[in-house]
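File shown: data_19.cif. Contents: mmCIF, C-alpha atoms; chains and numbers go by the auth columns.
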```cif
data_work
#
loop_
_atom_site.group_PDB
_atom_site.id
_atom_site.type_symbol
_atom_site.label_atom_id
_atom_site.label_comp_id
_atom_site.label_asym_id
_atom_site.label_seq_id
_atom_site.Cartn_x
_atom_site.Cartn_y
_atom_site.Cartn_z
_atom_site.B_iso_or_equiv
_atom_site.auth_seq_id
_atom_site.auth_asym_id
ATOM 1 C CA MET A 1 17.222 41.342 -36.564 0.00 10 I
ATOM 2 C CA VAL A 2 15.230 38.538 -38.107 0.00 11 I
ATOM 3 C CA LYS A 3 15.685 35.049 -36.638 0.00 12 I
ATOM 4 C CA THR A 4 16.053 32.015 -38.841 0.00 13 I
ATOM 5 C CA GLY A 5 13.841 28.956 -38.345 0.00 14 I
ATOM 6 C CA SER A 6 16.424 27.037 -36.312 0.00 15 I
ATOM 7 C CA GLU A 7 17.154 30.072 -34.094 0.00 16 I
ATOM 8 C CA LEU A 8 13.435 30.530 -33.474 0.00 17 I
ATOM 9 C CA ILE A 9 13.018 26.867 -32.518 0.00 18 I
ATOM 10 C CA ARG A 10 16.064 27.075 -30.240 0.00 19 I
ATOM 11 C CA SER A 11 14.606 30.174 -28.533 0.00 20 I
ATOM 12 C CA LEU A 12 11.236 28.477 -28.049 0.00 21 I
ATOM 13 C CA VAL A 13 12.834 25.334 -26.598 0.00 22 I
ATOM 14 C CA LEU A 14 14.994 27.435 -24.243 0.00 23 I
ATOM 15 C CA SER A 15 11.961 29.451 -23.130 0.00 24 I
ATOM 16 C CA LEU A 16 9.957 26.280 -22.539 0.00 25 I
ATOM 17 C CA CYS A 17 12.810 24.784 -20.461 0.00 26 I
ATOM 18 C CA VAL A 18 13.023 27.919 -18.314 0.00 27 I
ATOM 19 C CA VAL A 19 9.260 27.849 -17.689 0.00 28 I
ATOM 20 C CA MET A 20 9.331 24.134 -16.806 0.00 29 I
ATOM 21 C CA LEU A 21 12.257 24.550 -14.422 0.00 30 I
ATOM 22 C CA GLY A 22 10.574 27.486 -12.753 0.00 31 I
ATOM 23 C CA THR A 23 7.304 25.688 -12.094 0.00 32 I
ATOM 24 C CA GLY A 24 8.771 22.344 -10.978 0.00 33 I
ATOM 25 C CA CYS A 25 7.262 18.966 -11.540 0.00 34 I
ATOM 26 C CA GLY A 26 4.907 18.958 -8.566 0.00 35 I
ATOM 27 C CA TYR A 27 6.602 16.094 -6.705 0.00 36 I
ATOM 28 C CA THR A 28 7.197 16.610 -3.015 0.00 37 I
ATOM 29 C CA THR A 29 8.085 14.455 -0.042 0.00 38 I
ATOM 30 C CA LYS A 30 6.009 16.692 2.232 0.00 39 I
ATOM 31 C CA SER A 31 2.793 15.331 3.663 0.00 40 I
ATOM 32 C CA ASN A 32 -0.608 16.595 2.532 0.00 41 I
ATOM 33 C CA LEU A 33 -1.984 16.058 6.041 0.00 42 I
ATOM 34 C CA PRO A 34 -3.188 19.014 8.109 0.00 43 I
ATOM 35 C CA GLU A 35 -0.336 20.839 9.875 0.00 44 I
ATOM 36 C CA HIS A 36 -1.400 19.782 13.388 0.00 45 I
ATOM 37 C CA ILE A 37 -1.017 16.067 12.629 0.00 46 I
ATOM 38 C CA LYS A 38 2.550 15.131 13.525 0.00 47 I
ATOM 39 C CA THR A 39 2.111 11.749 15.253 0.00 48 I
ATOM 40 C CA ILE A 40 0.177 8.580 14.513 0.00 49 I
ATOM 41 C CA HIS A 41 -0.869 5.501 16.438 0.00 50 I
ATOM 42 C CA VAL A 42 -1.309 2.166 14.662 0.00 51 I
ATOM 43 C CA GLU A 43 -3.903 -0.052 16.323 0.00 52 I
ATOM 44 C CA PRO A 44 -3.276 -3.811 16.045 0.00 53 I
ATOM 45 C CA VAL A 45 -4.895 -5.226 12.917 0.00 54 I
ATOM 46 C CA LYS A 46 -8.037 -7.199 13.788 0.00 55 I
ATOM 47 C CA ASN A 47 -8.597 -10.507 12.018 0.00 56 I
ATOM 48 C CA THR A 48 -12.186 -10.791 10.746 0.00 57 I
ATOM 49 C CA ILE A 49 -11.691 -13.740 8.377 0.00 58 I
ATOM 50 C CA ASP A 50 -14.310 -16.421 8.929 0.00 59 I
ATOM 51 C CA LEU A 51 -12.445 -19.630 8.131 0.00 60 I
ATOM 52 C CA SER A 52 -15.588 -21.755 8.142 0.00 61 I
ATOM 53 C CA THR A 53 -17.245 -20.168 5.109 0.00 62 I
ATOM 54 C CA GLU A 54 -17.134 -21.959 1.777 0.00 63 I
ATOM 55 C CA VAL A 55 -15.608 -20.011 -1.087 0.00 64 I
ATOM 56 C CA SER A 56 -15.982 -22.055 -4.295 0.00 65 I
ATOM 57 C CA ASP A 57 -15.981 -25.564 -5.685 0.00 66 I
ATOM 58 C CA LYS A 58 -12.203 -25.507 -6.166 0.00 67 I
ATOM 59 C CA GLU A 59 -11.293 -24.075 -2.779 0.00 68 I
ATOM 60 C CA ARG A 60 -13.728 -25.306 -0.194 0.00 69 I
ATOM 61 C CA PHE A 61 -12.598 -22.998 2.601 0.00 70 I
ATOM 62 C CA ARG A 62 -10.706 -19.742 2.981 0.00 71 I
ATOM 63 C CA VAL A 63 -6.934 -19.800 3.318 0.00 72 I
ATOM 64 C CA TYR A 64 -5.215 -17.967 6.129 0.00 73 I
ATOM 65 C CA ARG A 65 -1.735 -17.605 7.583 0.00 74 I
ATOM 66 C CA PRO A 66 -1.728 -17.591 11.380 0.00 75 I
ATOM 67 C CA GLY A 67 -0.303 -14.355 12.754 0.00 76 I
ATOM 68 C CA VAL A 68 -0.425 -12.422 9.473 0.00 77 I
ATOM 69 C CA GLU A 69 -2.354 -9.617 11.232 0.00 78 I
ATOM 70 C CA VAL A 70 0.635 -9.126 13.585 0.00 79 I
ATOM 71 C CA ASP A 71 2.977 -8.999 10.579 0.00 80 I
ATOM 72 C CA ILE A 72 0.734 -6.390 8.917 0.00 81 I
ATOM 73 C CA THR A 73 0.632 -4.228 12.068 0.00 82 I
ATOM 74 C CA ASN A 74 4.422 -4.324 12.382 0.00 83 I
ATOM 75 C CA ALA A 75 4.905 -3.614 8.680 0.00 84 I
ATOM 76 C CA ILE A 76 2.632 -0.537 8.827 0.00 85 I
ATOM 77 C CA ILE A 77 4.514 0.801 11.859 0.00 86 I
ATOM 78 C CA ASN A 78 7.883 0.150 10.197 0.00 87 I
ATOM 79 C CA ARG A 79 6.713 1.832 7.008 0.00 88 I
ATOM 80 C CA PHE A 80 5.652 4.986 8.912 0.00 89 I
ATOM 81 C CA VAL A 81 9.066 5.027 10.615 0.00 90 I
ATOM 82 C CA PHE A 82 10.793 4.592 7.248 0.00 91 I
ATOM 83 C CA ASP A 83 8.667 7.317 5.631 0.00 92 I
ATOM 84 C CA GLY A 84 9.462 9.799 8.404 0.00 93 I
ATOM 85 C CA ASN A 85 6.570 12.228 7.853 0.00 94 I
ATOM 86 C CA LEU A 86 4.724 11.090 10.991 0.00 95 I
ATOM 87 C CA LYS A 87 6.146 9.854 14.268 0.00 96 I
ATOM 88 C CA ILE A 88 4.733 6.732 15.902 0.00 97 I
ATOM 89 C CA ALA A 89 3.089 7.513 19.249 0.00 98 I
ATOM 90 C CA SER A 90 0.997 5.830 21.908 0.00 99 I
ATOM 91 C CA ALA A 91 -2.785 6.060 21.597 0.00 100 I
ATOM 92 C CA ASP A 92 -3.065 8.818 24.225 0.00 101 I
ATOM 93 C CA LYS A 93 -0.394 11.038 22.599 0.00 102 I
ATOM 94 C CA ALA A 94 -1.119 10.550 18.892 0.00 103 I
ATOM 95 C CA ASN A 95 -2.750 13.136 16.617 0.00 104 I
ATOM 96 C CA ALA A 96 -4.093 10.450 14.258 0.00 105 I
ATOM 97 C CA VAL A 97 -4.997 6.766 14.501 0.00 106 I
ATOM 98 C CA VAL A 98 -4.897 3.911 11.980 0.00 107 I
ATOM 99 C CA GLU A 99 -7.471 1.149 12.506 0.00 108 I
ATOM 100 C CA SER A 100 -7.463 -1.916 10.254 0.00 109 I
ATOM 101 C CA LYS A 101 -9.409 -5.120 9.871 0.00 110 I
ATOM 102 C CA LEU A 102 -8.079 -8.083 7.923 0.00 111 I
ATOM 103 C CA LEU A 103 -10.931 -8.986 5.564 0.00 112 I
ATOM 104 C CA ASP A 104 -9.330 -11.556 3.313 0.00 113 I
ATOM 105 C CA TYR A 105 -6.159 -13.491 2.609 0.00 114 I
ATOM 106 C CA ARG A 106 -6.568 -14.874 -0.904 0.00 115 I
ATOM 107 C CA ARG A 107 -4.438 -17.219 -2.955 0.00 116 I
ATOM 108 C CA ASP A 108 -5.745 -17.204 -6.521 0.00 117 I
ATOM 109 C CA THR A 109 -4.380 -19.381 -9.306 0.00 118 I
ATOM 110 C CA LEU A 110 -2.840 -17.410 -12.173 0.00 119 I
ATOM 111 C CA ARG A 111 -1.194 -20.034 -14.366 0.00 120 I
ATOM 112 C CA TYR A 112 -1.405 -23.763 -14.991 0.00 121 I
ATOM 113 C CA SER A 113 1.100 -26.060 -16.692 0.00 122 I
ATOM 114 C CA ALA A 114 0.199 -28.215 -19.692 0.00 123 I
ATOM 115 C CA GLY A 115 -0.535 -31.024 -17.211 0.00 124 I
ATOM 116 C CA ASP A 116 -2.985 -28.836 -15.242 0.00 125 I
ATOM 117 C CA ASP A 117 -0.577 -28.351 -12.340 0.00 126 I
ATOM 118 C CA ILE A 118 -0.608 -24.920 -10.717 0.00 127 I
ATOM 119 C CA GLN A 119 2.487 -22.921 -11.670 0.00 128 I
ATOM 120 C CA GLU A 120 1.726 -19.425 -10.346 0.00 129 I
ATOM 121 C CA TYR A 121 -0.451 -17.868 -7.660 0.00 130 I
ATOM 122 C CA ARG A 122 -1.490 -14.325 -6.834 0.00 131 I
ATOM 123 C CA LEU A 123 -1.499 -13.692 -3.102 0.00 132 I
ATOM 124 C CA SER A 124 -3.743 -10.832 -1.945 0.00 133 I
ATOM 125 C CA ILE A 125 -4.272 -9.292 1.475 0.00 134 I
ATOM 126 C CA VAL A 126 -7.419 -7.181 1.821 0.00 135 I
ATOM 127 C CA LEU A 127 -7.870 -4.676 4.659 0.00 136 I
ATOM 128 C CA ASP A 128 -10.620 -2.346 5.784 0.00 137 I
ATOM 129 C CA VAL A 129 -8.597 0.703 6.868 0.00 138 I
ATOM 130 C CA SER A 130 -9.679 3.893 8.637 0.00 139 I
ATOM 131 C CA VAL A 131 -7.391 6.791 9.504 0.00 140 I
ATOM 132 C CA TYR A 132 -8.894 9.481 11.700 0.00 141 I
ATOM 133 C CA GLU A 133 -7.907 12.382 13.937 0.00 142 I
ATOM 134 C CA ALA A 134 -7.415 11.128 17.490 0.00 143 I
ATOM 135 C CA GLY A 135 -9.249 13.840 19.424 0.00 144 I
ATOM 136 C CA THR A 136 -12.210 14.525 17.177 0.00 145 I
ATOM 137 C CA HIS A 137 -12.533 11.158 15.379 0.00 146 I
ATOM 138 C CA LYS A 138 -12.804 13.185 12.158 0.00 147 I
ATOM 139 C CA MET A 139 -12.155 10.781 9.299 0.00 148 I
ATOM 140 C CA ILE A 140 -9.009 11.542 7.293 0.00 149 I
ATOM 141 C CA TRP A 141 -9.533 8.656 4.868 0.00 150 I
ATOM 142 C CA GLN A 142 -11.150 5.248 4.740 0.00 151 I
ATOM 143 C CA ASP A 143 -10.897 2.331 2.323 0.00 152 I
ATOM 144 C CA ALA A 144 -13.065 -0.751 2.810 0.00 153 I
ATOM 145 C CA ALA A 145 -11.000 -2.910 0.442 0.00 154 I
ATOM 146 C CA LEU A 146 -7.366 -1.768 0.410 0.00 155 I
ATOM 147 C CA THR A 147 -5.422 -4.592 -1.226 0.00 156 I
ATOM 148 C CA GLY A 148 -1.767 -5.506 -1.216 0.00 157 I
ATOM 149 C CA ASP A 149 -0.671 -8.336 -3.444 0.00 158 I
ATOM 150 C CA THR A 150 2.113 -10.199 -5.148 0.00 159 I
ATOM 151 C CA SER A 151 2.424 -13.169 -7.460 0.00 160 I
ATOM 152 C CA PHE A 152 4.698 -16.140 -7.002 0.00 161 I
ATOM 153 C CA PHE A 153 5.793 -19.227 -8.904 0.00 162 I
ATOM 154 C CA LEU A 154 5.834 -22.689 -7.349 0.00 163 I
ATOM 155 C CA SER A 155 8.623 -24.065 -9.528 0.00 164 I
ATOM 156 C CA GLY A 156 11.349 -22.940 -11.877 0.00 165 I
ATOM 157 C CA SER A 157 14.048 -20.309 -11.530 0.00 166 I
ATOM 158 C CA ARG A 158 11.645 -17.715 -10.096 0.00 167 I
ATOM 159 C CA ALA A 159 10.044 -20.047 -7.537 0.00 168 I
ATOM 160 C CA VAL A 160 9.578 -18.751 -3.987 0.00 169 I
ATOM 161 C CA SER A 161 7.796 -20.109 -0.966 0.00 170 I
ATOM 162 C CA GLU A 162 4.410 -18.845 0.128 0.00 171 I
ATOM 163 C CA ASP A 163 6.140 -17.385 3.224 0.00 172 I
ATOM 164 C CA VAL A 164 8.285 -15.149 1.020 0.00 173 I
ATOM 165 C CA ALA A 165 5.264 -14.178 -1.087 0.00 174 I
ATOM 166 C CA ALA A 166 3.204 -13.424 2.041 0.00 175 I
ATOM 167 C CA ALA A 167 5.969 -11.118 3.318 0.00 176 I
ATOM 168 C CA LYS A 168 5.906 -9.246 -0.019 0.00 177 I
ATOM 169 C CA ALA A 169 2.116 -8.894 0.077 0.00 178 I
ATOM 170 C CA VAL A 170 2.299 -7.637 3.678 0.00 179 I
ATOM 171 C CA GLU A 171 4.900 -5.038 2.661 0.00 180 I
ATOM 172 C CA ASP A 172 2.763 -3.988 -0.302 0.00 181 I
ATOM 173 C CA VAL A 173 -0.371 -3.440 1.788 0.00 182 I
ATOM 174 C CA ALA A 174 1.665 -1.538 4.440 0.00 183 I
ATOM 175 C CA ARG A 175 3.168 0.704 1.732 0.00 184 I
ATOM 176 C CA ARG A 176 -0.321 1.447 0.399 0.00 185 I
ATOM 177 C CA VAL A 177 -1.623 2.375 3.884 0.00 186 I
ATOM 178 C CA VAL A 178 1.246 4.791 4.515 0.00 187 I
ATOM 179 C CA GLU A 179 1.210 6.331 1.036 0.00 188 I
ATOM 180 C CA LYS A 180 -2.542 6.879 1.183 0.00 189 I
ATOM 181 C CA THR A 181 -2.194 8.475 4.629 0.00 190 I
ATOM 182 C CA ILE A 182 0.644 10.792 3.653 0.00 191 I
ATOM 183 C CA GLU A 183 -0.492 11.690 0.162 0.00 192 I
ATOM 184 C CA ILE A 184 -4.284 11.619 0.756 0.00 193 I
ATOM 185 C CA TRP A 185 -5.308 10.998 -2.849 0.00 194 I
#
```
Serialized structure, structure tokens:
Amino acid sequence: MVKTGSELIRSLVLSLCVVMLGTGCGYTTKSNLPEHIKTIHVEPVKNTIDLSTEVSDKERFRVYRPGVEVDITNAIINRFVFDGNLKIASADKANAVVESKLLDYRRDTLRYSAGDDIQEYRLSIVLDVSVYEAGTHKMIWQDAALTGDTSFFLSGSRAVSEDVAAAKAVEDVARRVVEKTIEIW
């Protein structure tokens, strides 16, 4: 029996669908960490921002939000709990450890009004993060400039306070730490 053009196309599409369904898309919620790593300890984030250094002519000194390192530590812990692949443990019982240093808290201007007033900022939190096996100190991953950020408007219908923007940036950097730990790209 000879197939017509439309029957041939239909057969090819059906075959392609069967092959695609059989192989899957590759997405998984399972961790790519070694099997023996089941628990993690998150060390308190250390603040290494030197507030006395000059940055530029426009901003004479670095900006900083007191206590943001505590917020980052708590957000990373909460994100690991939410993710569920690793259990939070004390330092002496954990299989892996997260160590972080707060390198920078930046507020960069993104947009000005016609009258040269600032309308929008980008808020960035930069961490130096190391994740290693607890017993051997074998490095799992390290990033010397992991950045979480958000942008926020100062006026208009989308205006938010810097507190709200800082909370979003903290959540973003925590999400990046956990995703990088679990997925190990």
Enumerate, as a short mmCIF file (atom, residue, chain, number, x, y, z; two decimals) with C-alpha atoms, keeping the file's coordinate frame, the residues matched when the PyMOL selection byres ((chain I and resi 169-181) around 12) is run on the file above.
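And here's part-v4.cif as it stands now:
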```cif
data_model
loop_
_atom_site.label_atom_id
_atom_site.label_comp_id
_atom_site.auth_asym_id
_atom_site.auth_seq_id
_atom_site.Cartn_x
_atom_site.Cartn_y
_atom_site.Cartn_z
CA VAL I 54 -4.89 -5.23 12.92
CA VAL I 72 -6.93 -19.80 3.32
CA TYR I 73 -5.22 -17.97 6.13
CA ARG I 74 -1.74 -17.60 7.58
CA PRO I 75 -1.73 -17.59 11.38
CA GLY I 76 -0.30 -14.36 12.75
CA VAL I 77 -0.42 -12.42 9.47
CA GLU I 78 -2.35 -9.62 11.23
CA VAL I 79 0.64 -9.13 13.58
CA ASP I 80 2.98 -9.00 10.58
CA ILE I 81 0.73 -6.39 8.92
CA THR I 82 0.63 -4.23 12.07
CA ASN I 83 4.42 -4.32 12.38
CA ALA I 84 4.90 -3.61 8.68
CA ILE I 85 2.63 -0.54 8.83
CA ILE I 86 4.51 0.80 11.86
CA ASN I 87 7.88 0.15 10.20
CA ARG I 88 6.71 1.83 7.01
CA PHE I 89 5.65 4.99 8.91
CA LEU I 111 -8.08 -8.08 7.92
CA TYR I 114 -6.16 -13.49 2.61
CA ARG I 115 -6.57 -14.87 -0.90
CA ARG I 116 -4.44 -17.22 -2.96
CA GLN I 128 2.49 -22.92 -11.67
CA GLU I 129 1.73 -19.42 -10.35
CA TYR I 130 -0.45 -17.87 -7.66
CA ARG I 131 -1.49 -14.32 -6.83
CA LEU I 132 -1.50 -13.69 -3.10
CA SER I 133 -3.74 -10.83 -1.94
CA ILE I 134 -4.27 -9.29 1.48
CA VAL I 135 -7.42 -7.18 1.82
CA LEU I 136 -7.87 -4.68 4.66
CA LEU I 155 -7.37 -1.77 0.41
CA THR I 156 -5.42 -4.59 -1.23
CA GLY I 157 -1.77 -5.51 -1.22
CA ASP I 158 -0.67 -8.34 -3.44
CA THR I 159 2.11 -10.20 -5.15
CA SER I 160 2.42 -13.17 -7.46
CA PHE I 161 4.70 -16.14 -7.00
CA PHE I 162 5.79 -19.23 -8.90
CA LEU I 163 5.83 -22.69 -7.35
CA SER I 164 8.62 -24.06 -9.53
CA GLY I 165 11.35 -22.94 -11.88
CA SER I 166 14.05 -20.31 -11.53
CA ARG I 167 11.64 -17.72 -10.10
CA ALA I 168 10.04 -20.05 -7.54
CA VAL I 182 -0.37 -3.44 1.79
CA ALA I 183 1.66 -1.54 4.44
CA ARG I 184 3.17 0.70 1.73
CA ARG I 185 -0.32 1.45 0.40
CA VAL I 186 -1.62 2.38 3.88
CA VAL I 187 1.25 4.79 4.51
CA GLU I 188 1.21 6.33 1.04
#
```
Between atom CA of Ile49 of chain I and atom CA of Gly93 of chain I - distance in Å to one decimal
11.2 Å
I'd like the residues picked by the PyMOL selection byres ((chain I and resi 153) around 6) written out as JSON, numbers by chain, using the chain letters and numbers from the file.
{"I": [137, 152, 154]}
Restricting the calculation to only C-alpha atoms: of I:Asn104, I:Ser61, I:Ser99, I:Ser109, which residue gets closest to Gln151 of chain I?
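Closest to Gln151 of chain I of all the choices is I:Ser109.
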Straight-line distance linking atom CA of Asp117 of chain I with atom CA of Asn56 of chain I, stated in Å to one decimal
19.9 Å
Contact residues around segment 43-48 of chain I with all atoms listed in the file at 8 Å, ignoring same-chain residues under 2 positions, as a ChimeraX atom specification
/I:41,50,94-98,102-105,142
I:Arg19, I:Lys110, I:Arg120, I:Lys147: which is nearest Thr57 of chain I, counting all atoms listed in the file?
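Closest residue, counting all atoms listed in the file: I:Lys110.
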I'd like the interatomic distance between atom CA of Tyr141 of chain I and atom CA of Val106 of chain I, to a tenth of an Å.
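Atom-to-atom, atom CA of Tyr141 of chain I to atom CA of Val106 of chain I, that is 5.5 Å.
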Select, from I:Val51, I:Leu60, I:Ile127, I:Leu119, the residue with the minimum atom-to-atom distance to Ala100 of chain I, counting all atoms listed in the file.
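Once distances to Ala100 of chain I are computed over all atoms listed in the file, the minimum belongs to I:Val51.
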Explicit residues for the PyMOL selection byres ((chain I and resi 52) around 6) (as a PyMOL selection string)
chain I and resi 51+53+107-108
Counting only C-alpha atoms, the residue of I:Ser122, I:Val138, I:Asp101, I:Ile18 that sits nearest Lys55 of chain I:
I:Val138
